[in-house]
Amino acid sequence: MTSAPTPEKDDGAGLGLRLTLPAQVLVLFISLFPLLMQLYISLTDWSPLSGMAWPRAWEFWNTFANYLDLVSDDRLWSALGRTALVMAVCVPLEFGLGLALATLFVDDFPGKRVAYSILIMPMMVVPAVAGYMFFMLFQSGGPVNDILSWFTAEPVSIAWLSDPTLALIAVMAADIWQWTPLMFLILLAGLVGVPDDQIKAATLLGASPVQRFLTIVIPRMKTIIVIALAIRCIEAFKIFDTLYIMTGGGPGVATETISVYIYKITTQDLIWGYVAAIALAILLVLSLLAVWAMRRMAK
Amino acid sequence: MQRSLPFQLFRYAAIALALAITLVPILWMVSMAFKPFSEWQSAGANLTWIPNAPTLDNFRFLFGDSGSDLIVALDRTAGKPILSSLLSATIGTVIAMTAGTAAAYGLSRFGSGANLPLALIQLRLFPPMAVMIPVMMMWAFLGLMDTWWGLALIYGIVTLPFAFWLMKTFFDDMPKEIEEAALVEGCSRLRVFTRVTLPMMAAPLAAAALFVFILNWSDYLIALLLTTREWVTIPVYMASLSSSMTGQLYGAKAALGLIAAVPPVILGIMIQKHLVRGLTFGALKQ
């Protein structure tokens, strides 16, 4: 019930509290319970197959055994390494291509609006569908090999998705296709925001286009570049949808990233106590990274 | 600025190349969606870029008509997964937008919930995979497994950060004079919010809601873990579309992919000018 407050006395704090309540409840609901449950399960060998409801997981208590196991889990570390590799290749390429494209779009030219609308389409395609698109493209009798055969003048039949290295390249290609537009979009917004007069002044002083770009445009865009890179790094670390549809993490474990690995041991091995330990460890490391990054940003 | 001719030519060439790379995967799927069964597996020298005999059979097949030259029939049609995607994404958007808009207003005007901006960013930072086990346990406990309403609830929470941050920047940007005038005239603060502020913000609200809807509609991982049969969404259903008799149902999958891809692309182009703001949590405005 809303009592009718007198405007002079009411500073809105009561209403503010009520308005923020639903969001607070949702945040608490999704952070507090899962975190506590996860912590509890992670200290046990409990599995949904153990025939007991999770509150009785203490019967499988193993203290820190799960956490000790993960230190020597080679598959976990190679999945993390592979995720880092995907990030190290994709994010810089997406950034470079996005920035290069954005510089071409700063001033007007005929057809700009249409080209812009088409170029940002990939990031709006449902990632699972994008994964299926690239699954089709990289079939051995598919369009990618067909296009390659135009250059080699003889039929090409590379089995992209069943070769460990090529599968990884194909998966990265899909990620770059889908997310370069995001970089393009953000960086273009940044480029357009760089004041014209400074560039004109530098031009009058005889600065070359490259000099102008490096000494005026890039420093001006520092915050935007940091935001764009941070967003893409966070999302690339989570990479799952496109990749899982294309290769399912295979062949073998050749394209198994951290999300795919966790998904597999969650749904196939069902060792939930252990999965909870991995998940908590990742959450902890990411939180520390986030705090460190925020501190640096604040400086 | 006047540009030299070589630069113009270079620019058009580069953009043409980028457009080609952008469009080939999309057009290949569109082409596949209209290919008859006999052309699905066309390969090598016989590869057809444009269907020789375009047909709507793939779409008919998805909705239960196996009258084409396909031997198999689907044990369930694409109708219910489409319904599931629509319901869960829409109601999830309503949840995120309601909670997000109210909280954003509370923070923007009254300074309430100062913990929310960071808490919500953290929610977005963590890989969903790292909290899915407890979520699956909670959802099973609450009877929300394999239901569209269970999906809608988790979607509402997952996209809450975007709804909140987008609306917060919109409210921060809004001039406060009109609200103050309404207050002076004796409206309660709640009335000012519902009768003055919200109607004024109709356009930004709609843009934010469409943005959140696209995100919900795009989910695959969460639906993969929280739905099993009855209420699987389009991406989950699509991944299951293959049979031992025909292998990959290329054409049918492409047709379904097209159905899934069209709404977000159209909505995304509609809200183009808000995309940057949405994707960067309001840090950047176009």
# chains A, B, ... in the order shown; residues from 1 in each chain; ligands from 1
>>> select_by_dssp(residues="segment 138-198 of chain A", states="helix (DSSP H, G or I)", output="ChimeraX atom specification")
/A:143-152,160-162,164-192,196-198
>>> residues_around(residues="Arg113 of chain A", least_positions_apart="6", cutoff="12 Å", atoms="only C-alpha atoms", output="JSON, numbers by chain")
{"A": [105, 106, 107, 119, 120], "B": [269, 272, 273]}
>>> residues_around(residues="Ala170 of chain A", least_positions_apart="4", cutoff="12 Å", atoms="only C-alpha atoms", output="PyMOL selection string")
chain A and resi 86+90+131+133-139+144+158-166+174-177+242-243+246-247+250+254-255
>>> atom_distance(atom1="atom CA of Gly111 of chain A", atom2="atom CA of Leu23 of chain B")
16.2 Å
>>> closest_residue(among="B:Val184, B:Ala130, B:Ala152, B:Met201", to="chain A", atoms="only C-alpha atoms")
B:Ala130
>>> closest_residue(among="B:Asp75, B:Glu180, B:Asp146, B:Glu230", to="chain A", atoms="only C-alpha atoms")
B:Glu180
>>> closest_atom_pairs(of="segment 147-258 of chain B", to="segment 11-35 of chain A", cutoff="10 Å", atoms="only C-alpha atoms", output="Markdown table")
| residue | atom | partner | partner_atom | distance |
| --- | --- | --- | --- | --- |
| B:Leu153 | CA | A:Leu26 | CA | 9.4 |
| B:Ile154 | CA | A:Ile30 | CA | 8.7 |
| B:Gly156 | CA | A:Leu26 | CA | 8.9 |
| B:Ile157 | CA | A:Leu26 | CA | 6.4 |
| B:Val158 | CA | A:Ile30 | CA | 9.2 |
| B:Leu160 | CA | A:Ala23 | CA | 7.8 |
| B:Pro161 | CA | A:Ala23 | CA | 9.5 |
| B:Phe164 | CA | A:Ala23 | CA | 8.8 |
| B:Ser188 | CA | A:Gly12 | CA | 9.5 |
| B:Arg189 | CA | A:Gly12 | CA | 6.9 |
| B:Leu190 | CA | A:Leu15 | CA | 7.1 |
>>> write_last_selection(atoms="all heavy atoms", output="PDB file, in the first residue's frame")
ATOM      1  N   LEU B 153      12.143 -17.358 -16.001  1.00  0.00           N
ATOM      2  CA  LEU B 153      12.695 -16.815 -14.754  1.00  0.00           C
ATOM      3  C   LEU B 153      14.216 -16.639 -14.851  1.00  0.00           C
ATOM      4  O   LEU B 153      14.751 -15.573 -14.531  1.00  0.00           O
ATOM      5  CB  LEU B 153      12.337 -17.732 -13.581  1.00  0.00           C
ATOM      6  CG  LEU B 153      12.893 -17.303 -12.224  1.00  0.00           C
ATOM      7  CD1 LEU B 153      12.390 -15.920 -11.831  1.00  0.00           C
ATOM      8  CD2 LEU B 153      12.537 -18.315 -11.133  1.00  0.00           C
ATOM      9  N   ILE B 154      14.909 -17.670 -15.335  1.00  0.00           N
ATOM     10  CA  ILE B 154      16.374 -17.536 -15.404  1.00  0.00           C
ATOM     11  C   ILE B 154      16.770 -16.508 -16.465  1.00  0.00           C
ATOM     12  O   ILE B 154      17.709 -15.742 -16.271  1.00  0.00           O
ATOM     13  CB  ILE B 154      17.066 -18.903 -15.649  1.00  0.00           C
ATOM     14  CG1 ILE B 154      18.576 -18.809 -15.481  1.00  0.00           C
ATOM     15  CG2 ILE B 154      16.753 -19.467 -17.009  1.00  0.00           C
ATOM     16  CD1 ILE B 154      19.043 -18.800 -14.074  1.00  0.00           C
ATOM     17  N   GLY B 156      15.075 -13.846 -17.197  1.00  0.00           N
ATOM     18  CA  GLY B 156      14.831 -12.554 -16.566  1.00  0.00           C
ATOM     19  C   GLY B 156      15.990 -12.133 -15.682  1.00  0.00           C
ATOM     20  O   GLY B 156      16.365 -10.964 -15.637  1.00  0.00           O
ATOM     21  N   ILE B 157      16.591 -13.110 -15.006  1.00  0.00           N
ATOM     22  CA  ILE B 157      17.723 -12.792 -14.119  1.00  0.00           C
ATOM     23  C   ILE B 157      18.991 -12.542 -14.931  1.00  0.00           C
ATOM     24  O   ILE B 157      19.733 -11.604 -14.677  1.00  0.00           O
ATOM     25  CB  ILE B 157      17.946 -13.932 -13.105  1.00  0.00           C
ATOM     26  CG1 ILE B 157      16.717 -14.081 -12.206  1.00  0.00           C
ATOM     27  CG2 ILE B 157      19.193 -13.659 -12.276  1.00  0.00           C
ATOM     28  CD1 ILE B 157      16.750 -15.282 -11.288  1.00  0.00           C
ATOM     29  N   VAL B 158      19.219 -13.381 -15.938  1.00  0.00           N
ATOM     30  CA  VAL B 158      20.458 -13.269 -16.717  1.00  0.00           C
ATOM     31  C   VAL B 158      20.528 -11.950 -17.478  1.00  0.00           C
ATOM     32  O   VAL B 158      21.598 -11.363 -17.625  1.00  0.00           O
ATOM     33  CB  VAL B 158      20.588 -14.479 -17.682  1.00  0.00           C
ATOM     34  CG1 VAL B 158      21.689 -14.251 -18.681  1.00  0.00           C
ATOM     35  CG2 VAL B 158      20.853 -15.743 -16.888  1.00  0.00           C
ATOM     36  N   LEU B 160      18.839  -9.207 -16.600  1.00  0.00           N
ATOM     37  CA  LEU B 160      18.586  -8.066 -15.708  1.00  0.00           C
ATOM     38  C   LEU B 160      19.704  -7.014 -15.755  1.00  0.00           C
ATOM     39  O   LEU B 160      19.413  -5.814 -15.774  1.00  0.00           O
ATOM     40  CB  LEU B 160      18.364  -8.574 -14.273  1.00  0.00           C
ATOM     41  CG  LEU B 160      18.105  -7.537 -13.191  1.00  0.00           C
ATOM     42  CD1 LEU B 160      16.837  -6.753 -13.498  1.00  0.00           C
ATOM     43  CD2 LEU B 160      17.976  -8.208 -11.826  1.00  0.00           C
ATOM     44  N   PRO B 161      20.995  -7.431 -15.781  1.00  0.00           N
ATOM     45  CA  PRO B 161      22.050  -6.400 -15.833  1.00  0.00           C
ATOM     46  C   PRO B 161      21.876  -5.455 -17.012  1.00  0.00           C
ATOM     47  O   PRO B 161      22.040  -4.236 -16.864  1.00  0.00           O
ATOM     48  CB  PRO B 161      23.338  -7.214 -15.993  1.00  0.00           C
ATOM     49  CG  PRO B 161      23.020  -8.544 -15.414  1.00  0.00           C
ATOM     50  CD  PRO B 161      21.570  -8.779 -15.678  1.00  0.00           C
ATOM     51  N   PHE B 164      18.801  -3.150 -16.460  1.00  0.00           N
ATOM     52  CA  PHE B 164      19.094  -2.168 -15.420  1.00  0.00           C
ATOM     53  C   PHE B 164      20.028  -1.077 -15.928  1.00  0.00           C
ATOM     54  O   PHE B 164      19.739   0.117 -15.818  1.00  0.00           O
ATOM     55  CB  PHE B 164      19.714  -2.871 -14.208  1.00  0.00           C
ATOM     56  CG  PHE B 164      20.244  -1.933 -13.167  1.00  0.00           C
ATOM     57  CD1 PHE B 164      19.397  -1.377 -12.232  1.00  0.00           C
ATOM     58  CD2 PHE B 164      21.593  -1.606 -13.125  1.00  0.00           C
ATOM     59  CE1 PHE B 164      19.882  -0.508 -11.268  1.00  0.00           C
ATOM     60  CE2 PHE B 164      22.081  -0.739 -12.169  1.00  0.00           C
ATOM     61  CZ  PHE B 164      21.219  -0.186 -11.240  1.00  0.00           C
ATOM     62  N   SER B 188       2.161  12.308  -6.130  1.00  0.00           N
ATOM     63  CA  SER B 188       3.089  11.525  -5.310  1.00  0.00           C
ATOM     64  C   SER B 188       4.253  11.094  -6.181  1.00  0.00           C
ATOM     65  O   SER B 188       4.143  11.075  -7.407  1.00  0.00           O
ATOM     66  CB  SER B 188       2.384  10.309  -4.716  1.00  0.00           C
ATOM     67  OG  SER B 188       2.204   9.339  -5.723  1.00  0.00           O
ATOM     68  N   ARG B 189       5.361  10.721  -5.538  1.00  0.00           N
ATOM     69  CA  ARG B 189       6.542  10.339  -6.314  1.00  0.00           C
ATOM     70  C   ARG B 189       6.276   9.107  -7.178  1.00  0.00           C
ATOM     71  O   ARG B 189       6.755   9.005  -8.297  1.00  0.00           O
ATOM     72  CB  ARG B 189       7.714  10.082  -5.383  1.00  0.00           C
ATOM     73  CG  ARG B 189       8.276  11.369  -4.813  1.00  0.00           C
ATOM     74  CD  ARG B 189       9.519  11.122  -4.012  1.00  0.00           C
ATOM     75  NE  ARG B 189       9.982  12.353  -3.396  1.00  0.00           N
ATOM     76  CZ  ARG B 189      10.810  13.197  -3.992  1.00  0.00           C
ATOM     77  NH1 ARG B 189      11.256  12.931  -5.198  1.00  0.00           N
ATOM     78  NH2 ARG B 189      11.188  14.299  -3.382  1.00  0.00           N
ATOM     79  N   LEU B 190       5.499   8.172  -6.623  1.00  0.00           N
ATOM     80  CA  LEU B 190       5.170   6.976  -7.395  1.00  0.00           C
ATOM     81  C   LEU B 190       4.343   7.335  -8.619  1.00  0.00           C
ATOM     82  O   LEU B 190       4.556   6.824  -9.716  1.00  0.00           O
ATOM     83  CB  LEU B 190       4.399   5.977  -6.511  1.00  0.00           C
ATOM     84  CG  LEU B 190       4.079   4.648  -7.190  1.00  0.00           C
ATOM     85  CD1 LEU B 190       5.360   3.897  -7.534  1.00  0.00           C
ATOM     86  CD2 LEU B 190       3.184   3.787  -6.312  1.00  0.00           C
TER      87      LEU B 190
END
>>> atom_distance(atom1="atom CA of Leu258 of chain B", atom2="atom CA of Val129 of chain A")
8.2 Å
>>> residues_around(residues="Leu49 of chain A", least_positions_apart="2", cutoff="9 Å", atoms="only C-alpha atoms", output="PyMOL selection string")
chain A and resi 46-47+51-52+270-271
>>> closest_residue(among="A:Ala57, A:Leu99, A:Met124, A:Ile282", to="Leu215 of chain B", atoms="only C-alpha atoms")
A:Met124
>>> residues_around(residues="Leu185 of chain A", least_positions_apart="4", cutoff="8 Å", atoms="only C-alpha atoms", output="list in words")
Gly98, Ala102, Ile120, Pro181 and Ala189 of chain A; Val276 of chain B
>>> closest_residue(among="B:Gly92, B:Val30, B:Met129, B:Phe7", to="Ile258 of chain A", atoms="only C-alpha atoms")
B:Met129
>>> residues_around(residues="Asn216 of chain B", least_positions_apart="5", cutoff="8 Å", atoms="only C-alpha atoms", output="list in words")
Ser88, Ala89, Gly92, Thr93, Tyr155 and Thr159 of chain B
>>> atom_distance(atom1="atom CA of Leu93 of chain A", atom2="atom CA of Phe240 of chain A")
19.1 Å
>>> residues_around(residues="segment 62-73 of chain A", least_positions_apart="6", cutoff="12 Å", atoms="only C-alpha atoms", output="JSON, numbers by chain")
{"A": [39, 40, 41, 42, 43, 44, 45, 46, 79, 80, 261, 271, 272, 273, 274, 275, 276, 277, 278, 279, 280, 281, 282]}
>>> closest_residue(among="A:Tyr263, A:Trp292, A:Phe213, A:Phe151", to="chain B", atoms="only C-alpha atoms")
A:Tyr263
